[in-house]
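Colleague: This is final_9.cif (mmCIF, C-alpha atoms).
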```cif
data_target
#
loop_
_atom_site.label_atom_id
_atom_site.label_comp_id
_atom_site.auth_asym_id
_atom_site.auth_seq_id
_atom_site.Cartn_x
_atom_site.Cartn_y
_atom_site.Cartn_z
CA MET A 1 -34.91 -2.20 33.23
CA ASN A 2 -37.13 0.39 31.55
CA ILE A 3 -36.56 2.10 28.19
CA ILE A 4 -38.05 5.39 29.46
CA GLU A 5 -35.54 5.49 32.33
CA ILE A 6 -32.70 4.75 29.88
CA ILE A 7 -33.84 7.54 27.50
CA ASN A 8 -34.05 9.99 30.41
CA LYS A 9 -30.63 8.93 31.66
CA LYS A 10 -29.01 9.70 28.31
CA ARG A 11 -31.06 12.91 27.98
CA LEU A 12 -29.48 14.03 31.26
CA LYS A 13 -26.00 13.29 29.85
CA MET A 14 -25.44 10.25 32.05
CA CYS A 15 -23.54 7.15 30.90
CA LEU A 16 -25.43 3.97 30.15
CA SER A 17 -24.13 0.72 31.61
CA ASP A 18 -23.15 -2.31 29.55
CA GLU A 19 -26.28 -4.09 30.81
CA GLU A 20 -28.53 -1.20 29.80
CA ILE A 21 -27.11 -1.09 26.28
CA LYS A 22 -27.51 -4.86 25.96
CA TYR A 23 -31.12 -4.50 27.11
CA VAL A 24 -31.81 -1.79 24.50
CA ILE A 25 -30.38 -3.79 21.57
CA ASP A 26 -31.96 -7.11 22.62
CA GLU A 27 -35.38 -5.64 23.31
CA TYR A 28 -35.40 -3.52 20.15
CA MET A 29 -34.58 -6.56 18.04
CA GLU A 30 -37.37 -8.50 19.78
CA GLY A 31 -39.85 -5.72 18.99
CA ASN A 32 -40.39 -4.81 22.64
CA ILE A 33 -38.95 -1.31 22.18
CA ALA A 34 -40.87 0.80 19.67
CA ASP A 35 -39.26 2.77 16.83
CA TYR A 36 -40.33 6.06 18.41
CA GLN A 37 -38.62 5.11 21.67
CA MET A 38 -35.42 4.07 19.92
CA SER A 39 -35.57 7.29 17.88
CA SER A 40 -35.74 9.28 21.09
CA LEU A 41 -32.70 7.49 22.50
CA LEU A 42 -30.75 7.94 19.25
CA MET A 43 -31.47 11.69 19.30
CA ALA A 44 -30.28 11.91 22.91
CA ILE A 45 -27.08 10.10 21.86
CA CYS A 46 -26.72 12.37 18.85
CA ILE A 47 -26.96 15.47 21.05
CA ASN A 48 -25.06 14.30 24.15
CA GLY A 49 -22.59 11.79 22.74
CA MET A 50 -21.30 8.58 24.35
CA SER A 51 -18.27 7.58 26.37
CA ASP A 52 -15.74 5.14 24.91
CA GLU A 53 -17.10 2.40 27.18
CA GLU A 54 -20.65 3.01 25.95
CA ILE A 55 -19.47 2.88 22.34
CA PHE A 56 -17.58 -0.38 22.95
CA SER A 57 -20.75 -1.89 24.42
CA LEU A 58 -22.98 -0.62 21.61
CA THR A 59 -20.58 -2.02 19.01
CA LYS A 60 -20.38 -5.33 20.86
CA TYR A 61 -24.12 -5.91 21.11
CA MET A 62 -24.83 -4.83 17.54
CA THR A 63 -22.16 -7.32 16.44
CA LEU A 64 -23.67 -10.07 18.63
CA SER A 65 -27.17 -9.45 17.23
CA GLY A 66 -26.42 -11.75 14.29
CA ASP A 67 -23.93 -14.16 12.77
CA ARG A 68 -20.15 -13.74 12.59
CA LEU A 69 -18.06 -14.78 9.60
CA ASP A 70 -14.97 -16.86 10.37
CA LEU A 71 -12.13 -16.07 7.95
CA SER A 72 -9.37 -17.67 10.02
CA SER A 73 -8.83 -20.42 7.42
CA LEU A 74 -7.79 -17.85 4.81
CA GLY A 75 -4.58 -16.60 6.44
CA ASN A 76 -3.48 -13.01 5.75
CA VAL A 77 -6.83 -11.33 4.99
CA VAL A 78 -7.16 -7.54 4.97
CA ASP A 79 -10.46 -5.67 4.70
CA LYS A 80 -11.14 -2.13 3.51
CA HIS A 81 -13.97 0.30 4.18
CA SER A 82 -14.84 3.76 2.87
CA THR A 83 -17.27 6.12 4.55
CA GLY A 84 -18.59 6.94 1.06
CA GLY A 85 -18.31 9.73 -1.45
CA VAL A 86 -18.89 10.93 -5.00
CA GLY A 87 -17.02 8.88 -7.60
CA ASP A 88 -15.58 6.54 -4.95
CA LYS A 89 -14.72 3.40 -6.91
CA THR A 90 -11.61 2.56 -4.89
CA THR A 91 -12.67 -0.97 -3.83
CA MET A 92 -12.82 -2.17 -7.45
CA ILE A 93 -9.26 -0.92 -8.01
CA ILE A 94 -7.66 -1.74 -4.67
CA GLY A 95 -9.01 -5.29 -4.31
CA PRO A 96 -7.32 -6.62 -7.47
CA ILE A 97 -4.08 -4.72 -6.77
CA VAL A 98 -3.78 -6.06 -3.23
CA ALA A 99 -4.76 -9.60 -4.25
CA SER A 100 -2.14 -9.53 -7.03
CA CYS A 101 0.45 -8.78 -4.33
CA GLY A 102 -0.44 -11.94 -2.39
CA VAL A 103 -2.82 -10.51 0.23
CA LYS A 104 -6.38 -11.85 0.34
CA VAL A 105 -9.25 -9.34 0.35
CA ALA A 106 -12.66 -10.49 1.63
CA LYS A 107 -15.04 -7.60 0.97
CA MET A 108 -18.70 -7.04 1.68
CA SER A 109 -20.04 -3.85 0.11
CA GLY A 110 -23.30 -1.94 0.09
CA ARG A 111 -25.61 -0.24 -2.37
CA GLY A 112 -25.77 3.50 -2.91
CA LEU A 113 -28.34 5.80 -1.37
CA GLY A 114 -28.63 9.50 -2.10
CA HIS A 115 -25.67 11.26 -3.71
CA THR A 116 -23.09 8.64 -2.66
CA GLY A 117 -22.80 5.59 -4.90
CA GLY A 118 -22.49 1.98 -3.75
CA THR A 119 -19.84 -0.49 -4.89
CA ILE A 120 -22.37 -3.27 -5.42
CA ASP A 121 -24.42 -1.13 -7.84
CA LYS A 122 -21.25 -0.34 -9.78
CA LEU A 123 -20.24 -3.99 -9.98
CA GLU A 124 -23.77 -5.04 -10.98
CA SER A 125 -23.60 -2.64 -13.94
CA ILE A 126 -21.27 -5.28 -15.42
CA PRO A 127 -23.61 -7.64 -17.32
CA GLY A 128 -23.95 -11.01 -15.60
CA PHE A 129 -22.07 -10.00 -12.45
CA THR A 130 -23.49 -11.63 -9.31
CA SER A 131 -23.02 -10.12 -5.88
CA GLU A 132 -24.86 -12.97 -4.19
CA LEU A 133 -22.51 -15.75 -3.06
CA SER A 134 -23.05 -18.27 -0.29
CA GLU A 135 -20.61 -18.12 2.63
CA GLU A 136 -18.85 -21.22 1.28
CA GLU A 137 -18.59 -19.74 -2.24
CA PHE A 138 -17.35 -16.43 -0.85
CA ILE A 139 -14.56 -18.04 1.21
CA ARG A 140 -13.62 -20.36 -1.68
CA GLN A 141 -13.29 -17.43 -4.09
CA VAL A 142 -11.18 -15.38 -1.65
CA ASN A 143 -8.95 -18.43 -1.21
CA ASN A 144 -8.65 -19.20 -4.95
CA VAL A 145 -8.76 -15.76 -6.57
CA GLY A 146 -7.57 -13.63 -3.66
CA PHE A 147 -10.50 -11.20 -3.88
CA ALA A 148 -14.28 -11.39 -3.65
CA ASP A 149 -16.82 -8.62 -3.20
CA VAL A 150 -20.40 -9.47 -2.28
CA CYS A 151 -23.54 -7.75 -1.04
CA GLN A 152 -23.63 -7.26 2.71
CA ASN A 153 -25.13 -10.23 4.49
CA ASN A 154 -28.40 -9.42 6.28
CA ASP A 155 -27.47 -11.90 9.00
CA LEU A 156 -24.36 -9.90 9.97
CA ALA A 157 -25.03 -7.17 12.58
CA PRO A 158 -28.79 -6.97 11.82
CA ALA A 159 -29.26 -4.58 14.76
CA ASP A 160 -27.07 -2.07 12.96
CA LYS A 161 -29.13 -2.39 9.79
CA LYS A 162 -32.39 -1.86 11.69
CA ILE A 163 -31.02 1.07 13.68
CA TYR A 164 -29.41 2.68 10.62
CA ALA A 165 -32.71 2.60 8.73
CA LEU A 166 -34.23 4.51 11.67
CA ARG A 167 -31.33 6.98 11.84
CA ASP A 168 -31.73 7.70 8.13
CA VAL A 169 -35.26 9.07 8.64
CA THR A 170 -34.87 10.72 12.07
CA GLY A 171 -31.96 13.11 11.52
CA THR A 172 -29.54 11.06 13.60
CA VAL A 173 -27.08 9.90 10.93
CA GLU A 174 -24.35 12.46 11.65
CA SER A 175 -23.31 11.25 15.10
CA ILE A 176 -19.69 10.18 15.48
CA PRO A 177 -20.38 7.48 18.12
CA LEU A 178 -23.21 6.04 16.00
CA ILE A 179 -21.16 6.16 12.77
CA ALA A 180 -18.17 4.45 14.44
CA SER A 181 -20.20 1.68 16.08
CA SER A 182 -22.15 1.10 12.86
CA ILE A 183 -19.03 0.67 10.72
CA MET A 184 -17.09 -1.38 13.24
CA SER A 185 -19.93 -3.73 14.22
CA LYS A 186 -20.26 -4.77 10.56
CA LYS A 187 -16.51 -5.17 10.15
CA ILE A 188 -16.12 -7.24 13.32
CA ALA A 189 -19.05 -9.44 12.29
CA SER A 190 -17.57 -9.92 8.80
CA GLY A 191 -14.40 -11.41 10.25
CA ALA A 192 -11.94 -8.52 9.81
CA ARG A 193 -8.67 -8.70 11.77
CA LYS A 194 -6.77 -6.11 9.73
CA LEU A 195 -8.64 -3.15 8.34
CA VAL A 196 -7.91 0.01 6.34
CA ILE A 197 -10.64 2.67 6.55
CA ASP A 198 -10.86 5.57 4.10
CA VAL A 199 -12.58 8.39 6.03
CA LYS A 200 -13.96 10.86 3.51
CA VAL A 201 -13.94 14.53 4.55
CA GLY A 202 -15.74 17.43 2.86
CA CYS A 203 -18.95 18.67 1.25
CA GLY A 204 -19.58 15.41 -0.63
CA ALA A 205 -19.05 13.23 2.46
CA LEU A 206 -20.94 12.36 5.64
CA VAL A 207 -18.18 13.99 7.73
CA LYS A 208 -17.66 17.64 6.75
CA ASN A 209 -14.48 18.72 8.56
CA ILE A 210 -11.05 17.46 9.63
CA GLU A 211 -11.78 17.77 13.35
CA ASP A 212 -14.79 15.42 13.23
CA ALA A 213 -13.00 13.07 10.83
CA THR A 214 -10.05 12.84 13.22
CA LYS A 215 -12.39 12.06 16.14
CA LEU A 216 -14.12 9.37 14.08
CA ALA A 217 -10.81 7.82 13.03
CA GLU A 218 -9.46 7.83 16.60
CA LEU A 219 -12.65 6.19 17.82
CA MET A 220 -12.61 3.42 15.20
CA ILE A 221 -8.95 2.71 15.96
CA LYS A 222 -9.87 2.42 19.68
CA ILE A 223 -12.78 0.07 18.89
CA GLY A 224 -10.40 -1.98 16.75
CA LYS A 225 -7.84 -2.31 19.55
CA PHE A 226 -10.59 -3.26 22.00
CA ASN A 227 -11.61 -6.07 19.61
CA ASN A 228 -8.05 -7.13 18.65
CA ILE A 229 -8.33 -5.65 15.15
CA GLU A 230 -5.50 -3.62 13.63
CA VAL A 231 -7.06 -0.51 12.10
CA VAL A 232 -5.41 2.14 9.90
CA CYS A 233 -7.43 5.22 8.89
CA VAL A 234 -6.76 7.49 5.93
CA LEU A 235 -8.47 10.89 5.94
CA SER A 236 -9.07 11.92 2.31
CA ASN A 237 -10.63 14.87 0.50
CA MET A 238 -14.25 14.68 -0.65
CA ASP A 239 -14.78 18.36 -1.40
CA ILE A 240 -13.88 17.35 -4.94
CA PRO A 241 -15.07 14.15 -6.70
CA LEU A 242 -12.78 11.15 -6.82
CA GLY A 243 -11.64 10.60 -10.40
CA ASN A 244 -13.44 11.82 -13.52
CA ASN A 245 -16.34 9.37 -13.90
CA ILE A 246 -19.50 9.43 -11.77
CA GLY A 247 -22.18 6.80 -12.36
CA ASN A 248 -22.09 3.03 -12.28
CA ALA A 249 -20.96 1.67 -15.68
CA LEU A 250 -18.97 4.86 -16.30
CA GLU A 251 -17.04 4.25 -13.08
CA VAL A 252 -16.25 0.68 -14.12
CA GLU A 253 -14.73 2.13 -17.32
CA GLU A 254 -12.47 4.37 -15.22
CA VAL A 255 -11.49 1.42 -13.01
CA ILE A 256 -10.36 -0.44 -16.13
CA ASP A 257 -8.32 2.57 -17.31
CA ILE A 258 -6.50 2.83 -14.00
CA LEU A 259 -5.83 -0.90 -13.68
CA LYS A 260 -4.45 -0.86 -17.23
CA ASN A 261 -2.13 1.91 -15.97
CA ASN A 262 -3.51 4.29 -18.61
CA LYS A 263 -4.61 7.10 -16.29
CA GLN A 264 -3.10 9.42 -13.69
CA GLY A 265 -4.86 11.63 -11.12
CA ASN A 266 -6.28 11.80 -7.61
CA LEU A 267 -8.18 8.50 -7.83
CA ARG A 268 -5.06 6.55 -8.82
CA ASP A 269 -2.96 8.30 -6.17
CA LEU A 270 -5.42 7.50 -3.37
CA CYS A 271 -5.79 3.88 -4.50
CA ILE A 272 -2.01 3.43 -4.50
CA GLU A 273 -1.81 4.72 -0.92
CA LEU A 274 -4.73 2.58 0.33
CA ALA A 275 -3.44 -0.52 -1.46
CA SER A 276 0.08 0.02 -0.08
CA LEU A 277 -1.27 0.23 3.46
CA MET A 278 -3.27 -2.99 2.95
CA VAL A 279 -0.27 -4.86 1.50
CA SER A 280 1.92 -3.58 4.34
CA LEU A 281 -0.61 -4.83 6.92
CA GLY A 282 -1.22 -8.14 5.17
CA LEU A 283 2.42 -9.12 4.56
CA GLY A 284 3.96 -7.42 7.59
CA ILE A 285 6.35 -5.35 5.43
CA ASP A 286 7.19 -1.65 5.58
CA HIS A 287 5.23 0.91 3.58
CA ASP A 288 7.95 1.60 0.99
CA GLU A 289 8.32 -2.06 0.08
CA ALA A 290 4.53 -2.43 -0.16
CA LEU A 291 4.37 0.67 -2.35
CA ASN A 292 6.98 -0.74 -4.73
CA ARG A 293 5.01 -3.99 -5.09
CA VAL A 294 1.78 -2.09 -5.76
CA LEU A 295 3.39 0.10 -8.45
CA GLU A 296 5.09 -2.91 -10.04
CA ASN A 297 1.83 -4.85 -10.36
CA LEU A 298 0.06 -1.84 -11.82
CA SER A 299 2.75 -1.46 -14.48
CA ASN A 300 3.24 -5.15 -15.34
CA GLY A 301 -0.48 -5.90 -15.84
CA LYS A 302 -0.89 -8.30 -12.90
CA ALA A 303 -3.40 -6.02 -11.14
CA TYR A 304 -5.58 -5.79 -14.27
CA ASP A 305 -5.35 -9.54 -14.84
CA LYS A 306 -6.54 -10.08 -11.26
CA PHE A 307 -9.50 -7.76 -11.91
CA LEU A 308 -10.47 -9.85 -14.96
CA GLU A 309 -10.15 -13.04 -12.90
CA PHE A 310 -12.32 -11.56 -10.12
CA VAL A 311 -15.06 -10.39 -12.52
CA LYS A 312 -15.09 -13.74 -14.35
CA ALA A 313 -15.32 -15.64 -11.05
CA GLN A 314 -18.48 -13.65 -10.23
CA LYS A 315 -19.84 -14.25 -13.75
CA GLY A 316 -19.43 -10.71 -15.12
CA ASP A 317 -18.59 -9.71 -18.70
CA ILE A 318 -16.79 -6.34 -19.00
CA THR A 319 -16.91 -6.46 -22.81
CA LYS A 320 -20.62 -5.61 -22.69
CA LEU A 321 -20.86 -2.54 -20.44
CA PRO A 322 -24.15 -0.69 -21.12
CA GLN A 323 -24.23 2.83 -22.61
CA ALA A 324 -26.75 5.68 -22.31
CA SER A 325 -28.72 6.90 -25.31
CA ASN A 326 -28.18 10.63 -24.62
CA LYS A 327 -24.77 12.32 -24.42
CA ILE A 328 -24.69 16.06 -23.68
CA GLU A 329 -21.57 18.24 -23.49
CA ILE A 330 -21.57 21.13 -20.99
CA ARG A 331 -19.20 23.92 -22.06
CA SER A 332 -17.60 26.73 -20.09
CA ASP A 333 -18.72 30.35 -20.47
CA LYS A 334 -15.69 31.52 -18.44
CA GLU A 335 -11.92 31.52 -18.81
CA GLY A 336 -9.42 30.83 -16.04
CA TYR A 337 -8.16 28.20 -13.62
CA LEU A 338 -10.51 25.48 -12.39
CA ASN A 339 -10.08 25.87 -8.63
CA ASN A 340 -12.96 23.77 -7.32
CA ILE A 341 -15.51 21.17 -8.42
CA ASP A 342 -18.45 20.77 -6.01
CA ALA A 343 -18.64 17.03 -5.27
CA LEU A 344 -22.03 17.22 -3.56
CA LYS A 345 -23.72 19.02 -6.46
CA LEU A 346 -22.21 16.57 -8.95
CA GLY A 347 -23.42 13.64 -6.85
CA GLU A 348 -26.92 15.09 -6.69
CA LEU A 349 -26.91 15.77 -10.45
CA SER A 350 -25.78 12.21 -11.17
CA MET A 351 -28.59 10.88 -8.97
CA SER A 352 -31.14 13.02 -10.84
CA LEU A 353 -29.89 11.61 -14.16
CA GLY A 354 -30.80 8.11 -12.93
CA ALA A 355 -27.47 6.91 -11.49
CA GLY A 356 -28.64 6.88 -7.85
CA ARG A 357 -31.65 6.36 -5.60
CA SER A 358 -33.54 8.60 -3.22
CA ASN A 359 -34.85 5.47 -1.47
CA MET A 360 -33.81 1.82 -1.53
CA LYS A 361 -36.76 0.80 -3.76
CA ASP A 362 -35.70 3.08 -6.64
CA LYS A 363 -34.39 1.39 -9.78
CA ILE A 364 -30.95 2.52 -10.97
CA ASP A 365 -30.04 3.31 -14.57
CA TYR A 366 -26.56 1.76 -14.82
CA THR A 367 -25.70 3.84 -17.90
CA ALA A 368 -26.44 7.27 -16.41
CA GLY A 369 -23.80 9.59 -15.02
CA ILE A 370 -21.16 12.22 -15.69
CA ILE A 371 -17.62 12.33 -17.07
CA LEU A 372 -15.55 15.33 -16.01
CA ASN A 373 -13.50 16.59 -18.95
CA LYS A 374 -11.46 18.99 -16.82
CA ASN A 375 -9.60 18.45 -13.55
CA ILE A 376 -8.69 20.69 -10.62
CA PHE A 377 -6.00 23.29 -11.54
CA ASP A 378 -6.60 22.90 -15.30
CA TYR A 379 -6.77 26.11 -17.33
CA VAL A 380 -10.17 26.45 -19.00
CA ASN A 381 -10.96 28.45 -22.12
CA ILE A 382 -14.40 29.73 -23.10
CA GLY A 383 -16.14 26.93 -25.00
CA ASP A 384 -14.09 24.10 -23.46
CA VAL A 385 -16.11 21.02 -22.44
CA LEU A 386 -16.29 20.90 -18.63
CA MET A 387 -18.32 17.71 -18.36
CA THR A 388 -20.28 15.25 -20.46
CA ILE A 389 -23.65 14.05 -19.21
CA TYR A 390 -24.98 10.56 -19.96
CA THR A 391 -28.66 9.89 -19.39
CA ASN A 392 -31.77 8.24 -20.77
CA LYS A 393 -33.94 11.00 -19.27
CA ASP A 394 -35.26 14.04 -21.13
CA ASN A 395 -35.68 16.29 -18.08
CA TYR A 396 -32.91 17.15 -15.61
CA ASN A 397 -31.58 20.25 -13.90
CA ILE A 398 -27.91 21.27 -14.13
CA PRO A 399 -26.72 23.61 -11.32
CA ASP A 400 -24.76 26.57 -12.69
CA ASP A 401 -22.22 26.76 -9.84
CA ILE A 402 -20.61 23.29 -9.90
CA PHE A 403 -17.31 24.65 -11.25
CA ASP A 404 -15.31 27.46 -9.65
CA ILE A 405 -13.24 29.15 -12.39
CA SER A 406 -11.11 32.21 -11.61
CA ASN A 407 -8.02 34.10 -12.79
CA THR A 408 -5.89 32.96 -9.83
CA LYS A 409 -4.71 29.38 -9.39
CA ASN A 410 -5.38 27.80 -5.97
CA ASN A 411 -2.77 25.17 -5.10
CA ASP A 412 -3.97 24.51 -1.54
CA ILE A 413 -6.15 21.45 -2.23
CA LYS A 414 -4.85 18.23 -0.66
CA LEU A 415 -5.85 14.68 -1.55
CA ILE A 416 -4.88 12.96 1.71
CA TYR A 417 -4.99 14.92 4.96
CA LYS A 418 -3.45 12.33 7.26
CA VAL A 419 -2.89 8.63 7.96
CA MET A 420 -3.74 7.45 11.48
CA ARG A 421 -2.99 4.20 13.28
#
```
Mind turning this structure into C-alpha cells?
Modeller:
Amino acid sequence: MNIIEIINKKRLKMCLSDEEIKYVIDEYMEGNIADYQMSSLLMAICINGMSDEEIFSLTKYMTLSGDRLDLSSLGNVVDKHSTGGVGDKTTMIIGPIVASCGVKVAKMSGRGLGHTGGTIDKLESIPGFTSELSEEEFIRQVNNVGFADVCQNNDLAPADKKIYALRDVTGTVESIPLIASSIMSKKIASGARKLVIDVKVGCGALVKNIEDATKLAELMIKIGKFNNIEVVCVLSNMDIPLGNNIGNALEVEEVIDILKNNKQGNLRDLCIELASLMVSLGLGIDHDEALNRVLENLSNGKAYDKFLEFVKAQKGDITKLPQASNKIEIRSDKEGYLNNIDALKLGELSMSLGAGRSNMKDKIDYTAGIILNKNIFDYVNIGDVLMTIYTNKDNYNIPDDIFDISNTKNNDIKLIYKVMR
C-alpha cells in the first residue's frame, strides 16, 4: 500500500478499506508516514467525511494502537464523557453522586486547552491532590471508594493522542468522524461498557449547532453498539456558561456548594440528569427511580461525603483552596433582563486572566477566574455587579459585549436539547 494513493482515494471521495486504515495508523505510529502526509489525509477526511465502516475501522485501530484497561473485576462500572465547555465541572459533581448510589465510576480526564477547562486542572487546584495513580491503585480506589478520576494514560489509544495533536494545528479538529473516533477510541481503551456522553452545543463548544451535535451523538451510539458498549448521549446548551464559577479553584468551590445541596441552577439540573442516567444504566433501573436516588443522596449528604472520601483517597485537602490576590467587580451600565451570557468570551477572558493555557506548556494559575453574580433571566439594575474577576495579573482585557441586557425577557433558552440512546 502507498500513503499517496490512500490520500488521493479519500480526496476523490472514495471509501478506504479496513486494511488501508490499519496501514495508515500502523505506519504513522512507526514514523513511516510523515506529519505532512497525515495532515493531508486528515484534511481530505475533514472535507469529504467517512462512511460508518471507515469510522468503525479508524476507531478500532486507534484503540488497538496501545493498551486496554480491563475493568471487568469491578462489576457495574459506568463512565462519563463531556465534549468540553466553559464552566463544565460536571465530573466532580456526578462522580460522587453516582458512587454514593452504588454505581462505580472509573474516570480518566484531561487537561484544559484554550477556552475550555480540563477536569484534571480543576482537581489539581486542590492542594495535595494527585491525578497520577498506577493501574492497580486506580482499580483499587474505584473498588473501595466507588469513584476515581485520574489523568489520561498515555498508553491508552496513543494513535489518537498523536493524531489529535496534529489536528489541533492543521484546522482539522471540527470533523464529526474524527471527533467521534477520537472520543470512542479512548473510551473503549479505558474499559468502558456503559457510557453517558454530554455533547455540548453552542458558541462555547466544539460543536456549534443541534444538527451536527445530533449527527455526532448518533455516530458515537453506533460505534458503541459495534463495540458492545451501551451509550447514552445528552445534548446540552453551551451558548451560556455552566454554573456561575469559571476557573479551577473557583469551580471546586461551586462543586462543594452543589454537593452540599446549597445551590440551584443550570449546573445542578444538568448534573442531576447525567447522574440519573448513569445510575439507571449501572443498576438497570428506570430513570424515575434513579432520579429519586440521586435527589435523596444530594439532600441527605451522602453525595458530599463521597466527594470528601474521593478527594482524601487522592491526597487532596479542600480546606486549603488557593485564592487570588486581586478581586475586581464589573458593574452594569444598563438596566433590563439578562437574556444572554456569551460562554466563549467568558472562557477566553478566564484564560487571559491565567486560568487556562494557549498551549500545553503554559502554567495555570489555579486561583484565577470569574464568578458570575447574575444568571440568565435575572433583572439587572444599573450599578449591579455582573461578575467578579479573580486574577494575579495587572493587565487583562474585558470584552464589553459579554452580557446581553434588554427590556424584553427571552424565555426560549433550553438547558438540555435532547437525550439519545
Colleague: From the list A:Asn48, A:Thr90, A:Ser280, A:Thr408, which residue is nearest A:Lys9 when using all atoms listed in the file?
Modeller: A:Asn48
Colleague: Restricting the calculation to only C-alpha atoms, which member of A:Glu53, A:Ser40, A:Asn32, A:Ala290 is positioned closest to A:Arg167?
Modeller: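 Closest candidate: A:Ser40.
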Colleague: Name every residue that the PyMOL selection byres ((chain A and resi 151-155) around 7) selects in this structure, writing the answer as number ranges by chain with chains first and numbers rising.
Modeller: A: 66-67, 108-110, 120, 131-132, 150, 156-158
Colleague: Could you name the residues that touch A:Asn245 at 10 Å or less, counting only C-alpha atoms, but leaving out those on the same chain fewer than 3 positions away, as a list of chain:residue names?
Modeller: A:Val86, A:Gly87, A:Asp88, A:Lys89, A:Pro241, A:Leu242, A:Asn248, A:Ala249, A:Leu250, A:Glu251, A:Val252, A:Glu253, A:Glu254, A:Val255, A:Gly369, A:Ile370, A:Ile371, A:Leu372, A:Asn373, A:Met387, A:Thr388
Colleague: What does the distance from atom CA of A:Lys306 to atom CA of A:Asn266 come to in Å, to one decimal?
Modeller: 22.2 Å
Colleague: Between atom CA of A:Ala205 and atom CA of A:Ile389, measure the distance and give it in Å to one decimal.
Modeller: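 Calculated distance between atom CA of A:Ala205 and atom CA of A:Ile389 is 22.2 Å.
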Colleague: Could you list the residues chosen by the PyMOL selection byres ((chain A and resi 8) around 12) in this structure as an MDAnalysis selection string?
Modeller: chainID A and resid 2:7 9:16 37 40:45 48
Colleague: Dump as a PyMOL selection string all residues having an atom at most 12 Å from (1.1, -5.9, -9.2), computed in the file's coordinates with all atoms listed in the file.
Modeller: chain A and resi 93-103+259-261+272+275-276+279+290-307
Colleague: Run through the PyMOL selection byres ((chain A and resi 327-329) around 8) on the given coordinates and return the selected residues as a VMD selection string.
Modeller: chain A and resid 324 to 326 330 to 331 385 to 391
Colleague: Take the point (-7.5, 15.9, -17.1) in the file's coordinates, draw a sphere of radius 10 Å around it, and report as a list in words every protein, DNA or RNA residue with an atom inside or on it, counting all atoms listed in the file.
Modeller: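 Checked against the point, the hits come out as Gly243, Asn244, Lys263, Gln264, Gly265, Leu372, Asn373, Lys374, Asn375, Ile376, Phe377 and Asp378 of chain A.
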Colleague: A:Asp70, A:Glu273, A:Glu54, A:Asp239: which is nearest A:Cys203, counting all atoms listed in the file?
Modeller: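 Nearest candidate to A:Cys203 out of A:Asp70, A:Glu273, A:Glu54, A:Asp239: A:Asp239.
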Colleague: Give me, as a list in words, all polymer residues having an atom no more than 8 Å from A:Ser236, counting all atoms listed in the file and skipping those fewer than 5 positions away in the same chain.
Modeller: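 The filter keeps Asp198, Val199, Lys200, Val201, Leu415, Ile416, Tyr417 and Lys418 of chain A.
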Colleague: Between A:Ser82, A:Asn339, A:Ser134, A:Ser73, which one has atoms that come closest to A:Ile197, using only C-alpha atoms?
Modeller: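 Between A:Ser82, A:Asn339, A:Ser134, A:Ser73, the residue approaching A:Ile197 most closely is A:Ser82.
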Colleague: Using all atoms listed in the file for the distances, tell me which of A:Met420, A:Leu274, A:Met29, A:Leu353 is nearest to A:Met220.
Modeller: A:Met420
